[in-house]
Each structure stands twice: as C-alpha cells, then as structure tokens.
file data-v5.cif (mmCIF, C-alpha atoms)
data_coords
loop_
_atom_site.group_PDB
_atom_site.id
_atom_site.type_symbol
_atom_site.label_atom_id
_atom_site.label_comp_id
_atom_site.auth_asym_id
_atom_site.auth_seq_id
_atom_site.Cartn_x
_atom_site.Cartn_y
_atom_site.Cartn_z
ATOM 1 C CA MET F 267 1.063 -0.151 6.795
ATOM 2 C CA LYS F 268 4.099 2.006 7.544
ATOM 3 C CA LEU F 269 6.377 3.260 4.774
ATOM 4 C CA LEU F 270 10.095 2.812 5.490
ATOM 5 C CA SER F 271 13.220 4.025 3.640
ATOM 6 C CA PRO F 272 11.396 5.530 0.662
ATOM 7 C CA VAL F 273 13.287 6.724 -2.417
ATOM 8 C CA TYR F 274 11.276 9.139 -4.557
ATOM 9 C CA ASP F 275 11.442 9.765 -8.293
ATOM 10 C CA LYS F 276 9.118 12.013 -10.307
ATOM 11 C CA GLY F 277 6.669 12.112 -7.428
ATOM 12 C CA GLU F 278 6.468 8.326 -7.164
ATOM 13 C CA ILE F 279 8.041 6.011 -4.597
ATOM 14 C CA LYS F 280 10.645 4.129 -6.600
ATOM 15 C CA SER F 281 11.855 1.883 -3.767
ATOM 16 C CA GLY F 282 11.359 1.281 -0.089
ATOM 17 C CA ARG F 283 9.571 -1.059 2.290
ATOM 18 C CA LEU F 284 6.082 -1.406 3.670
ATOM 19 C CA TYR F 285 5.922 -2.615 7.253
ATOM 20 C CA CYS F 286 2.719 -4.290 8.379
ATOM 21 C CA SER F 287 1.617 -4.419 12.023
ATOM 22 C CA CYS F 288 1.371 -8.185 11.495
ATOM 23 C CA GLY F 289 5.179 -8.225 11.350
ATOM 24 C CA GLU F 290 5.541 -8.697 7.592
ATOM 25 C CA ASN F 291 7.749 -6.529 5.379
ATOM 26 C CA TYR F 292 6.996 -5.913 1.721
ATOM 27 C CA ILE F 293 9.423 -4.286 -0.685
ATOM 28 C CA ILE F 294 8.682 -1.548 -3.172
ATOM 29 C CA LYS F 295 10.795 -2.219 -6.250
ATOM 30 C CA ASP F 296 10.759 -0.216 -9.480
ATOM 31 C CA TYR F 297 7.780 1.827 -8.217
ATOM 32 C CA ILE F 298 5.662 -1.270 -7.493
ATOM 33 C CA PRO F 299 4.746 -2.644 -4.043
ATOM 34 C CA ARG F 300 5.455 -6.392 -4.097
ATOM 35 C CA PHE F 301 3.160 -8.411 -1.837
ATOM 36 C CA VAL F 302 4.477 -11.692 -3.275
ATOM 37 C CA PRO F 303 8.065 -12.983 -3.557
ATOM 38 C CA ASN F 304 7.810 -13.970 -7.244
ATOM 39 C CA ASP F 305 5.444 -14.516 -10.175
ATOM 40 C CA SER F 306 4.696 -18.097 -9.123
ATOM 41 C CA TYR F 307 2.531 -20.001 -11.662
ATOM 42 C CA VAL F 308 1.978 -17.015 -13.989
ATOM 43 C CA ASP F 309 5.477 -16.596 -15.413
ATOM 44 C CA SER F 310 4.060 -16.983 -18.931
ATOM 45 C CA PHE F 311 2.216 -13.672 -18.438
ATOM 46 C CA SER F 312 5.387 -12.023 -17.153
ATOM 47 C CA PHE F 313 6.980 -12.956 -20.476
ATOM 48 C CA GLU F 314 3.912 -12.237 -22.603
ATOM 49 C CA TRP F 315 2.990 -8.772 -21.432
ATOM 50 C CA ASN F 316 6.506 -7.413 -21.295
ATOM 51 C CA LYS F 317 7.033 -8.758 -24.815
ATOM 52 C CA HIS F 318 3.740 -7.257 -26.018
ATOM 53 C CA ARG F 319 3.559 -4.232 -23.749
ATOM 54 C CA THR F 320 1.582 -2.072 -26.198
ATOM 55 C CA THR F 321 0.054 -4.571 -28.653
ATOM 56 C CA GLN F 322 -3.458 -4.227 -27.185
ATOM 57 C CA LEU F 323 -3.142 -0.692 -25.849
ATOM 58 C CA ASP F 324 -5.615 1.664 -27.519
ATOM 59 C CA SER F 325 -3.393 4.730 -27.227
ATOM 60 C CA ALA F 326 -0.484 2.944 -28.900
ATOM 61 C CA ASN F 327 -2.586 1.534 -31.734
ATOM 62 C CA LYS F 328 -4.787 4.568 -32.337
ATOM 63 C CA ASN F 329 -7.957 2.499 -32.088
ATOM 64 C CA LEU F 330 -10.748 1.775 -29.607
ATOM 65 C CA GLU F 331 -10.618 -2.031 -29.484
ATOM 66 C CA SER F 332 -10.053 -2.254 -25.722
ATOM 67 C CA GLU F 333 -12.535 0.515 -24.979
ATOM 68 C CA LYS F 334 -15.156 -1.298 -27.066
ATOM 69 C CA ARG F 335 -14.504 -4.556 -25.204
ATOM 70 C CA PHE F 336 -14.726 -2.738 -21.867
ATOM 71 C CA SER F 337 -18.012 -0.982 -22.678
ATOM 72 C CA GLN F 338 -19.549 -4.275 -23.876
ATOM 73 C CA SER F 339 -18.857 -5.818 -20.455
ATOM 74 C CA ILE F 340 -20.599 -3.280 -18.219
ATOM 75 C CA ASP F 341 -24.119 -1.896 -17.835
ATOM 76 C CA PHE F 342 -23.280 1.779 -17.387
ATOM 77 C CA PRO F 343 -21.771 4.567 -19.527
ATOM 78 C CA LEU F 344 -17.995 4.867 -19.323
ATOM 79 C CA ASP F 345 -18.457 8.479 -18.183
ATOM 80 C CA ASN F 346 -19.721 7.046 -14.875
ATOM 81 C CA LEU F 347 -16.143 5.983 -14.070
ATOM 82 C CA LYS F 348 -15.300 9.588 -13.245
ATOM 83 C CA ASP F 349 -14.030 9.963 -9.665
ATOM 84 C CA LYS F 350 -14.639 6.258 -8.947
ATOM 85 C CA LEU F 351 -12.082 4.022 -7.247
ATOM 86 C CA VAL F 352 -11.709 0.956 -9.459
ATOM 87 C CA LEU F 353 -9.927 -2.368 -8.977
ATOM 88 C CA ASP F 354 -8.510 -4.109 -12.054
ATOM 89 C CA ALA F 355 -8.065 -7.708 -10.866
ATOM 90 C CA GLY F 356 -5.511 -9.222 -13.216
ATOM 91 C CA CYS F 357 -4.455 -6.024 -14.965
ATOM 92 C CA GLY F 358 -1.811 -7.441 -17.299
ATOM 93 C CA MET F 359 -0.098 -4.560 -19.068
ATOM 94 C CA GLY F 360 -2.957 -2.179 -18.284
ATOM 95 C CA ARG F 361 -5.092 -2.557 -21.381
ATOM 96 C CA PHE F 362 -8.341 -1.823 -19.517
ATOM 97 C CA ALA F 363 -6.807 0.315 -16.791
ATOM 98 C CA GLU F 364 -6.077 2.848 -19.521
ATOM 99 C CA ILE F 365 -9.822 3.109 -20.196
ATOM 100 C CA VAL F 366 -10.556 3.905 -16.539
ATOM 101 C CA LEU F 367 -7.949 6.667 -16.638
ATOM 102 C CA LYS F 368 -9.315 8.009 -19.906
ATOM 103 C CA TYR F 369 -12.696 8.484 -18.245
ATOM 104 C CA SER F 370 -11.218 10.121 -15.121
ATOM 105 C CA GLY F 371 -11.426 7.206 -12.711
ATOM 106 C CA THR F 372 -8.722 6.091 -10.287
ATOM 107 C CA VAL F 373 -7.526 2.549 -10.967
ATOM 108 C CA VAL F 374 -5.618 0.103 -8.793
ATOM 109 C CA GLY F 375 -4.235 -2.686 -10.973
ATOM 110 C CA ILE F 376 -3.122 -5.937 -9.367
ATOM 111 C CA ASP F 377 -1.410 -8.873 -11.012
ATOM 112 C CA LEU F 378 0.580 -11.807 -9.722
ATOM 113 C CA SER F 379 2.837 -11.656 -12.759
ATOM 114 C CA LEU F 380 5.542 -9.164 -13.720
ATOM 115 C CA ALA F 381 3.046 -7.733 -16.180
ATOM 116 C CA VAL F 382 2.637 -4.988 -13.563
ATOM 117 C CA GLU F 383 6.027 -3.695 -14.686
ATOM 118 C CA ALA F 384 4.741 -3.324 -18.243
ATOM 119 C CA ALA F 385 1.611 -1.629 -16.905
ATOM 120 C CA PHE F 386 3.706 0.851 -14.943
ATOM 121 C CA LYS F 387 5.796 1.647 -18.023
ATOM 122 C CA ASN F 388 2.586 2.281 -19.938
ATOM 123 C CA MET F 389 0.828 4.563 -17.454
ATOM 124 C CA GLY F 390 2.332 4.271 -13.966
ATOM 125 C CA PHE F 391 3.248 7.949 -13.691
ATOM 126 C CA HIS F 392 -0.389 8.947 -14.177
ATOM 127 C CA LYS F 393 -1.589 10.404 -10.869
ATOM 128 C CA ASN F 394 -4.675 8.163 -10.847
ATOM 129 C CA ALA F 395 -2.902 4.888 -11.668
ATOM 130 C CA HIS F 396 -1.500 2.489 -9.084
ATOM 131 C CA PHE F 397 -0.068 -0.956 -9.787
ATOM 132 C CA ILE F 398 0.643 -3.692 -7.246
ATOM 133 C CA GLN F 399 2.099 -7.181 -7.590
ATOM 134 C CA ALA F 400 -0.170 -9.325 -5.438
ATOM 135 C CA ASP F 401 -1.973 -12.650 -5.215
ATOM 136 C CA ILE F 402 -5.734 -12.499 -5.733
ATOM 137 C CA PHE F 403 -6.112 -15.048 -2.928
ATOM 138 C CA ASN F 404 -4.422 -12.671 -0.477
ATOM 139 C CA LEU F 405 -5.151 -9.097 -1.531
ATOM 140 C CA PRO F 406 -3.874 -6.219 0.662
ATOM 141 C CA PHE F 407 -7.110 -4.195 0.731
ATOM 142 C CA LYS F 408 -9.744 -3.428 3.337
ATOM 143 C CA GLN F 409 -13.274 -4.638 2.747
ATOM 144 C CA GLU F 410 -15.703 -2.300 0.980
ATOM 145 C CA THR F 411 -12.945 -0.213 -0.623
ATOM 146 C CA PHE F 412 -13.866 -0.021 -4.317
ATOM 147 C CA ASN F 413 -16.776 1.450 -6.264
ATOM 148 C CA PHE F 414 -16.237 -0.901 -9.198
ATOM 149 C CA ILE F 415 -14.238 -4.081 -9.700
ATOM 150 C CA TYR F 416 -13.595 -5.851 -12.978
ATOM 151 C CA SER F 417 -11.575 -8.855 -14.066
ATOM 152 C CA PHE F 418 -11.556 -9.531 -17.788
ATOM 153 C CA GLY F 419 -9.727 -12.684 -18.878
ATOM 154 C CA ALA F 420 -7.781 -13.361 -15.676
ATOM 155 C CA LEU F 421 -9.666 -15.462 -13.110
ATOM 156 C CA HIS F 422 -9.651 -18.586 -15.304
ATOM 157 C CA HIS F 423 -5.856 -18.589 -15.081
ATOM 158 C CA THR F 424 -5.883 -19.243 -11.321
ATOM 159 C CA PRO F 425 -5.853 -22.690 -9.659
ATOM 160 C CA ASP F 426 -9.504 -22.213 -8.611
ATOM 161 C CA CYS F 427 -11.558 -19.731 -10.636
ATOM 162 C CA ARG F 428 -14.598 -19.836 -8.342
ATOM 163 C CA MET F 429 -12.516 -19.190 -5.229
ATOM 164 C CA ALA F 430 -10.619 -16.387 -6.991
ATOM 165 C CA PHE F 431 -13.967 -14.758 -7.812
ATOM 166 C CA LYS F 432 -15.046 -15.114 -4.192
ATOM 167 C CA GLN F 433 -12.229 -12.791 -3.078
ATOM 168 C CA LEU F 434 -13.705 -9.815 -4.963
ATOM 169 C CA PRO F 435 -17.250 -9.093 -3.641
ATOM 170 C CA PRO F 436 -16.051 -8.296 -0.079
ATOM 171 C CA LEU F 437 -13.856 -5.523 -1.510
ATOM 172 C CA LEU F 438 -16.857 -3.757 -3.084
ATOM 173 C CA LYS F 439 -18.651 -0.897 -1.404
ATOM 174 C CA LYS F 440 -22.410 -1.318 -0.936
ATOM 175 C CA GLY F 441 -24.017 -0.511 -4.253
ATOM 176 C CA GLY F 442 -20.726 -1.128 -6.057
ATOM 177 C CA LYS F 443 -20.569 -3.161 -9.251
ATOM 178 C CA LEU F 444 -18.513 -6.192 -10.233
ATOM 179 C CA SER F 445 -17.962 -7.453 -13.783
ATOM 180 C CA ILE F 446 -15.933 -10.469 -14.882
ATOM 181 C CA SER F 447 -15.196 -12.330 -18.097
ATOM 182 C CA VAL F 448 -13.945 -15.923 -18.227
ATOM 183 C CA TYR F 449 -13.550 -18.557 -20.936
ATOM 184 C CA SER F 450 -16.621 -20.530 -21.976
ATOM 185 C CA SER F 451 -16.842 -24.321 -22.169
ATOM 186 C CA TYR F 452 -19.496 -24.530 -24.895
ATOM 187 C CA ASN F 453 -17.442 -25.442 -27.970
ATOM 188 C CA LYS F 454 -16.425 -28.968 -27.002
ATOM 189 C CA ALA F 455 -14.234 -29.511 -30.069
ATOM 190 C CA ILE F 456 -12.110 -26.492 -29.178
ATOM 191 C CA VAL F 457 -12.068 -27.435 -25.485
ATOM 192 C CA TYR F 458 -10.890 -30.990 -26.152
ATOM 193 C CA SER F 459 -8.328 -30.067 -28.830
ATOM 194 C CA SER F 460 -6.819 -27.193 -26.847
ATOM 195 C CA ASN F 461 -6.653 -29.343 -23.719
ATOM 196 C CA PHE F 462 -4.740 -31.940 -25.722
ATOM 197 C CA TRP F 463 -2.232 -29.450 -27.135
ATOM 198 C CA ARG F 464 -1.825 -27.762 -23.757
ATOM 199 C CA LEU F 465 -0.639 -31.056 -22.277
ATOM 200 C CA ILE F 466 2.431 -30.468 -24.443
ATOM 201 C CA THR F 467 2.776 -26.691 -24.704
ATOM 202 C CA THR F 468 2.532 -25.970 -20.965
ATOM 203 C CA ARG F 469 5.570 -28.190 -20.425
ATOM 204 C CA LEU F 470 7.732 -26.506 -23.055
ATOM 205 C CA PRO F 471 10.023 -23.488 -22.520
ATOM 206 C CA LYS F 472 7.974 -20.293 -22.794
ATOM 207 C CA ARG F 473 10.178 -18.796 -25.485
ATOM 208 C CA LEU F 474 9.760 -21.930 -27.643
ATOM 209 C CA VAL F 475 5.964 -21.750 -27.283
ATOM 210 C CA TYR F 476 6.123 -18.090 -28.230
ATOM 211 C CA TYR F 477 8.012 -18.772 -31.454
ATOM 212 C CA PHE F 478 5.642 -21.643 -32.195
ATOM 213 C CA SER F 479 2.744 -19.166 -31.842
ATOM 214 C CA PHE F 480 3.850 -17.482 -35.060
ATOM 215 C CA ILE F 481 2.190 -20.383 -36.878
ATOM 216 C CA SER F 482 -1.036 -18.432 -36.353
ATOM 217 C CA VAL F 483 0.207 -15.804 -38.840
ATOM 218 C CA VAL F 484 -0.091 -18.363 -41.647
ATOM 219 C CA LEU F 485 -2.990 -20.456 -40.321
ATOM 220 C CA TYR F 486 -5.202 -17.363 -40.238
ATOM 221 C CA TYR F 487 -5.330 -17.308 -44.039
ATOM 222 C CA LEU F 488 -5.864 -21.060 -44.294
ATOM 223 C CA TYR F 489 -8.665 -20.964 -41.717
ATOM 224 C CA ARG F 490 -10.532 -18.344 -43.731
ATOM 225 C CA ILE F 491 -11.232 -20.990 -46.362
ATOM 226 C CA PRO F 492 -14.720 -22.519 -45.838
ATOM 227 C CA ILE F 493 -14.813 -26.074 -44.469
ATOM 228 C CA ILE F 494 -10.998 -26.207 -44.182
ATOM 229 C CA GLY F 495 -11.100 -23.415 -41.626
ATOM 230 C CA HIS F 496 -13.903 -25.055 -39.655
ATOM 231 C CA ILE F 497 -12.007 -28.330 -39.443
ATOM 232 C CA GLY F 498 -8.688 -26.627 -38.774
ATOM 233 C CA LYS F 499 -9.999 -24.597 -35.837
ATOM 234 C CA ALA F 500 -11.431 -27.762 -34.298
ATOM 235 C CA ILE F 501 -8.008 -29.428 -34.502
ATOM 236 C CA PHE F 502 -5.835 -26.475 -33.501
ATOM 237 C CA VAL F 503 -7.596 -23.290 -32.482
ATOM 238 C CA ILE F 504 -6.062 -19.861 -33.061
ATOM 239 C CA PRO F 505 -7.542 -16.383 -32.573
ATOM 240 C CA MET F 506 -8.812 -14.902 -35.830
ATOM 241 C CA TRP F 507 -7.638 -11.323 -35.348
ATOM 242 C CA SER F 508 -6.763 -9.461 -38.550
ATOM 243 C CA ASP F 509 -3.697 -7.951 -36.816
ATOM 244 C CA TRP F 510 -0.960 -10.596 -36.877
ATOM 245 C CA ARG F 511 0.546 -9.306 -33.612
ATOM 246 C CA TRP F 512 -2.730 -9.929 -31.787
ATOM 247 C CA ARG F 513 -2.862 -13.436 -33.288
ATOM 248 C CA VAL F 514 0.622 -14.302 -32.052
ATOM 249 C CA LEU F 515 -0.061 -12.770 -28.644
ATOM 250 C CA ASP F 516 -3.391 -14.533 -28.126
ATOM 251 C CA THR F 517 -2.096 -17.868 -29.433
ATOM 252 C CA PHE F 518 0.675 -17.739 -26.852
ATOM 253 C CA ASP F 519 -1.855 -16.595 -24.256
ATOM 254 C CA TRP F 520 -4.012 -19.652 -25.044
ATOM 255 C CA TYR F 521 -1.348 -22.354 -25.038
ATOM 256 C CA SER F 522 1.222 -21.222 -22.466
ATOM 257 C CA PRO F 523 -0.489 -20.568 -19.076
ATOM 258 C CA LYS F 524 -0.299 -23.277 -16.434
ATOM 259 C CA TYR F 525 -3.991 -22.935 -15.558
ATOM 260 C CA GLN F 526 -6.871 -22.407 -17.953
ATOM 261 C CA SER F 527 -10.404 -23.237 -16.833
ATOM 262 C CA LYS F 528 -13.609 -22.914 -18.863
ATOM 263 C CA HIS F 529 -17.122 -22.217 -17.619
ATOM 264 C CA THR F 530 -20.813 -21.757 -18.422
ATOM 265 C CA HIS F 531 -23.056 -18.762 -17.875
ATOM 266 C CA TRP F 532 -25.210 -20.741 -15.475
ATOM 267 C CA GLU F 533 -22.167 -21.698 -13.409
ATOM 268 C CA VAL F 534 -20.815 -18.146 -13.151
ATOM 269 C CA PHE F 535 -24.308 -16.737 -12.570
ATOM 270 C CA GLY F 536 -24.392 -19.017 -9.530
ATOM 271 C CA TRP F 537 -21.152 -17.510 -8.207
ATOM 272 C CA PHE F 538 -22.743 -14.067 -8.249
ATOM 273 C CA LYS F 539 -25.858 -15.338 -6.492
ATOM 274 C CA GLU F 540 -24.013 -17.243 -3.777
ATOM 275 C CA ASN F 541 -21.917 -14.161 -2.987
ATOM 276 C CA GLY F 542 -24.983 -11.988 -2.483
ATOM 277 C CA LEU F 543 -24.807 -9.949 -5.692
ATOM 278 C CA ARG F 544 -28.002 -8.737 -7.348
ATOM 279 C CA ASP F 545 -29.142 -7.148 -10.627
ATOM 280 C CA ILE F 546 -27.055 -9.728 -12.483
ATOM 281 C CA ASN F 547 -26.588 -9.125 -16.203
ATOM 282 C CA ILE F 548 -25.075 -11.214 -19.006
ATOM 283 C CA TYR F 549 -23.041 -9.770 -21.892
ATOM 284 C CA PRO F 550 -21.249 -10.963 -25.048
ATOM 285 C CA ASN F 551 -17.521 -11.936 -25.100
ATOM 286 C CA GLU F 552 -17.200 -15.469 -23.721
ATOM 287 C CA VAL F 553 -18.857 -15.728 -20.261
ATOM 288 C CA THR F 554 -19.189 -12.091 -19.186
ATOM 289 C CA ILE F 555 -21.448 -11.241 -16.252
ATOM 290 C CA SER F 556 -21.913 -8.283 -13.899
ATOM 291 C CA GLY F 557 -23.722 -7.744 -10.614
ATOM 292 C CA VAL F 558 -24.326 -5.210 -7.862
ATOM 293 C CA LYS F 559 -23.482 -5.571 -4.160
#

call {"tool": "encode", "arguments": {"input": "data-v5.cif", "output": "structure tokens"}}
result
Amino acid sequence: MKLLSPVYDKGEIKSGRLYCSCGENYIIKDYIPRFVPNDSYVDSFSFEWNKHRTTQLDSANKNLESEKRFSQSIDFPLDNLKDKLVLDAGCGMGRFAEIVLKYSGTVVGIDLSLAVEAAFKNMGFHKNAHFIQADIFNLPFKQETFNFIYSFGALHHTPDCRMAFKQLPPLLKKGGKLSISVYSSYNKAIVYSSNFWRLITTRLPKRLVYYFSFISVVLYYLYRIPIIGHIGKAIFVIPMWSDWRWRVLDTFDWYSPKYQSKHTHWEVFGWFKENGLRDINIYPNEVTISGVK
C-alpha cells in the first residue's frame, strides 16, 4: 500500500488515499481507512453504536462490565495482552478494544458499519488503537499478522457465520489464540418467537425500531414477576439488564440487524477443528469458544 495526499491532524492521518499495487484506491476519511464503499447490510449497527457510543464503555460508566465479559471469554490473564498485536473483528464502538488498550496491547478494530467512527471518537487518538472500515470477507491484512484475534457478538450478523469465522485463523501467527462468541440456538421458544418478530422489525425503519425498543424499559419490571416473566420472555424476549440504557440498546441490537444466526457449541467446536485450531476451550456467555493455531 502507498499513502497518497495525506492530511495530518494531532499525529493521525485525517484524510488521504491508499493506493494498492492491484490498482485499487481506498480513501481515508475522518481518520479511518475505508476498504468498503458503504456500510452495506449493517446499517443498523451504524445507527446503534453512534447513538449509544458510550453506553457499554467501561471508562464512561465507571464499571468493569466489559472487562469482566472479556476475561470470561479467554484462557489467559489480561496482563498477557501487553505488547501483543490484537485484531478485534467486529469492533462496534470499541467496547472490548478499550480493554486491550488498558492492558497495554495494540488493537486493530475492524467493522463493516460506521460504528468505527464511534470507536475512533472513543479512543482513536490512542497511539495503540487503529480502526478500519472493512468487510470480514475481504480483510486487508497479511496472513499470520496477529498474536490474538477475538470476535464477540459479531460473526452471527454476517450472511454466513461459518465462512466469516474461516477468514480469521489464517491471520493468526503460529501459537496465536482466537476467541469468538456467537448466539446460541438452545432456547427454542426464544429462537422461534424472535424469528417471528424479526420478520417484521427488520423491514421497519431503523429509527422506528429504536423507539419501539423502549418497551423493554417497562417490560423488564413485568418480566421479573414469576411465571408472567417466563411466559413473557418466550413471547417477546428482551435483555434483562438492570440499566435501562443497556436494555434499550440490546433490544434494538436483537431485533434490527438484517442477519442473525444462532449456533450450538458442537457446531462451533467443529469450525475450530476444521480450521486446524487446537487446545479448544468452552466458556460461558452464549456459545463462546477459543483455540490456538
């Protein structure tokens, strides 16, 4: 890649072009290299994460919710991230990228959506943070680049979750680790009811679905009632976060994306095996699995 016509600001390249020997040109806009022309099928996340840029950010909320989730999805101490080059595949607004930075790693966050703009606003001027708008099916990296790759809650929002996963192992260095988390398919009542509602909600304007998501603020209290809550969640599932902002955010996140696949541990375990990963471990939080190259 050759950098052309760069404009610098605060030590970062604010705009310019990247010229590839293949003949392609890619723009750098608002500090972010854009390897795709638009946000394609993930426009709901462009809306969501710029609307809720700091809702799940530990530093903004003075808690450790994201750090806890991160540490529960890996088999090594967070201190081991120090000086490691890490790929966040589906970074959103940088919720987990912030954890890598906190523990002195270097993180490259990629997302197809305009959530990368929210991520840059959150931490883009950090010297060890880099955000790129790119398609997971056509990533601009050399093989065996990263020490650690993770993708928490993103791959199931692609047209083909298994094929999206398949793009990641080649980017790992030998001995590098990969950890992913995707939705589970075990609770059939929730699967069937959410699939029914999503037939409607995915066809509605995103802003309308967002305002509709505020119903979770009230339903949370109703669903805490025994029996009524069990039945209610089977008919219309909502996240049961105590923070109403998280409930609204995750309700929108559940009902608005174009793609949403669900999987089993056995299925995802097979993906790791067929891509040559070893020392495979299973963790809590939906279907969360890690392996070593």

call {"tool": "atom_distance", "arguments": {"input": "data-v5.cif", "atom1": "CA of Leu438 in chain F", "atom2": "CA of Ala363 in chain F"}}
result
17.5 Å

call {"tool": "closest_residue", "arguments": {"input": "data-v5.cif", "among": "F:Gly495, F:Pro523, F:Gly358, F:Pro505", "to": "Tyr307 in chain F", "atoms": "all atoms listed in the file"}}
result
F:Pro523

call {"tool": "resolve_selection", "arguments": {"input": "data-v5.cif", "expression": "the PyMOL selection byres ((chain F and resi 452-468) around 7)", "output": "list in words"}}
result
Ser450, Ser451, Arg469, Leu470, Val475, Ala500, Ile501, Phe502, Val503, Tyr521, Ser522, Pro523 and Lys524 of chain F

call {"tool": "write_last_selection", "arguments": {"input": "data-v5.cif", "atoms": "C-alpha atoms", "output": "short mmCIF file (atom, residue, chain, number, x, y, z; two decimals), in the coordinates of the input"}}
result
data_model
loop_
_atom_site.label_atom_id
_atom_site.label_comp_id
_atom_site.auth_asym_id
_atom_site.auth_seq_id
_atom_site.Cartn_x
_atom_site.Cartn_y
_atom_site.Cartn_z
CA SER F 450 -16.62 -20.53 -21.98
CA SER F 451 -16.84 -24.32 -22.17
CA ARG F 469 5.57 -28.19 -20.42
CA LEU F 470 7.73 -26.51 -23.06
CA VAL F 475 5.96 -21.75 -27.28
CA ALA F 500 -11.43 -27.76 -34.30
CA ILE F 501 -8.01 -29.43 -34.50
CA PHE F 502 -5.84 -26.48 -33.50
CA VAL F 503 -7.60 -23.29 -32.48
CA TYR F 521 -1.35 -22.35 -25.04
CA SER F 522 1.22 -21.22 -22.47
CA PRO F 523 -0.49 -20.57 -19.08
CA LYS F 524 -0.30 -23.28 -16.43
#

call {"tool": "residues_around", "arguments": {"input": "data-v5.cif", "residues": "Ser306 in chain F", "least_positions_apart": "5", "cutoff": "10 Å", "atoms": "all atoms listed in the file", "output": "list in words"}}
result
Leu378, Ser379 and Asp401 of chain F

call {"tool": "closest_residue", "arguments": {"input": "data-v5.cif", "among": "F:Tyr274, F:Phe336, F:Phe362, F:Phe342", "to": "Thr554 in chain F", "atoms": "only C-alpha atoms"}}
result
F:Phe336

call {"tool": "closest_residue", "arguments": {"input": "data-v5.cif", "among": "F:Arg511, F:Arg428, F:Arg490, F:His496", "to": "Gly536 in chain F", "atoms": "all atoms listed in the file"}}
result
F:Arg428

call {"tool": "atom_distance", "arguments": {"input": "data-v5.cif", "atom1": "CA of Phe311 in chain F", "atom2": "CA of Thr424 in chain F"}}
result
12.1 Å

call {"tool": "atom_distance", "arguments": {"input": "data-v5.cif", "atom1": "CA of Ile555 in chain F", "atom2": "CA of Ser445 in chain F"}}
result
5.7 Å

call {"tool": "residues_around", "arguments": {"input": "data-v5.cif", "residues": "Gln409 in chain F", "least_positions_apart": "3", "cutoff": "9 Å", "atoms": "only C-alpha atoms", "output": "list of chain:residue names"}}
result
F:Phe412, F:Pro435, F:Pro436, F:Leu437, F:Leu438, F:Lys439

call {"tool": "build_atoms", "arguments": {"input": "data-v5.cif", "residues": "range 328-348 of chain F", "atoms": "N, CA and C atoms", "output": "CSV table (one decimal), in the frame of the given file"}}
result
chain,number,residue,atom,x,y,z
F,328,LYS,N,-3.9,3.6,-31.8
F,328,LYS,CA,-4.8,4.6,-32.3
F,328,LYS,C,-6.1,3.9,-32.7
F,329,ASN,N,-6.6,3.1,-31.8
F,329,ASN,CA,-8.0,2.5,-32.1
F,329,ASN,C,-8.7,2.4,-30.8
F,330,LEU,N,-9.9,1.9,-30.8
F,330,LEU,CA,-10.7,1.8,-29.6
F,330,LEU,C,-11.1,0.3,-29.3
F,331,GLU,N,-10.3,-0.6,-29.7
F,331,GLU,CA,-10.6,-2.0,-29.5
F,331,GLU,C,-10.8,-2.4,-28.0
F,332,SER,N,-9.9,-1.9,-27.1
F,332,SER,CA,-10.1,-2.3,-25.7
F,332,SER,C,-11.2,-1.5,-25.1
F,333,GLU,N,-11.4,-0.3,-25.5
F,333,GLU,CA,-12.5,0.5,-25.0
F,333,GLU,C,-13.9,-0.1,-25.4
F,334,LYS,N,-13.9,-0.6,-26.6
F,334,LYS,CA,-15.2,-1.3,-27.1
F,334,LYS,C,-15.4,-2.5,-26.2
F,335,ARG,N,-14.4,-3.3,-26.0
F,335,ARG,CA,-14.5,-4.6,-25.2
F,335,ARG,C,-15.0,-4.2,-23.8
F,336,PHE,N,-14.4,-3.2,-23.2
F,336,PHE,CA,-14.7,-2.7,-21.9
F,336,PHE,C,-16.2,-2.4,-21.8
F,337,SER,N,-16.6,-1.5,-22.7
F,337,SER,CA,-18.0,-1.0,-22.7
F,337,SER,C,-19.0,-2.1,-22.9
F,338,GLN,N,-18.6,-3.1,-23.6
F,338,GLN,CA,-19.5,-4.3,-23.9
F,338,GLN,C,-19.7,-5.2,-22.7
F,339,SER,N,-18.9,-4.9,-21.6
F,339,SER,CA,-18.9,-5.8,-20.5
F,339,SER,C,-19.4,-5.2,-19.2
F,340,ILE,N,-20.0,-4.0,-19.4
F,340,ILE,CA,-20.6,-3.3,-18.2
F,340,ILE,C,-22.0,-2.8,-18.6
F,341,ASP,N,-22.8,-2.4,-17.6
F,341,ASP,CA,-24.1,-1.9,-17.8
F,341,ASP,C,-24.3,-0.4,-17.5
F,342,PHE,N,-23.2,0.3,-17.6
F,342,PHE,CA,-23.3,1.8,-17.4
F,342,PHE,C,-22.4,2.5,-18.4
F,343,PRO,N,-22.6,3.8,-18.6
F,343,PRO,CA,-21.8,4.6,-19.5
F,343,PRO,C,-20.4,4.7,-18.9
F,344,LEU,N,-19.4,4.7,-19.8
F,344,LEU,CA,-18.0,4.9,-19.3
F,344,LEU,C,-17.8,6.2,-18.6
F,345,ASP,N,-18.6,7.2,-18.9
F,345,ASP,CA,-18.5,8.5,-18.2
F,345,ASP,C,-18.7,8.3,-16.7
F,346,ASN,N,-19.4,7.3,-16.3
F,346,ASN,CA,-19.7,7.0,-14.9
F,346,ASN,C,-18.5,6.6,-14.1
F,347,LEU,N,-17.4,6.3,-14.8
F,347,LEU,CA,-16.1,6.0,-14.1
F,347,LEU,C,-15.5,7.2,-13.4
F,348,LYS,N,-15.9,8.4,-13.8
F,348,LYS,CA,-15.3,9.6,-13.2
F,348,LYS,C,-15.4,9.6,-11.7
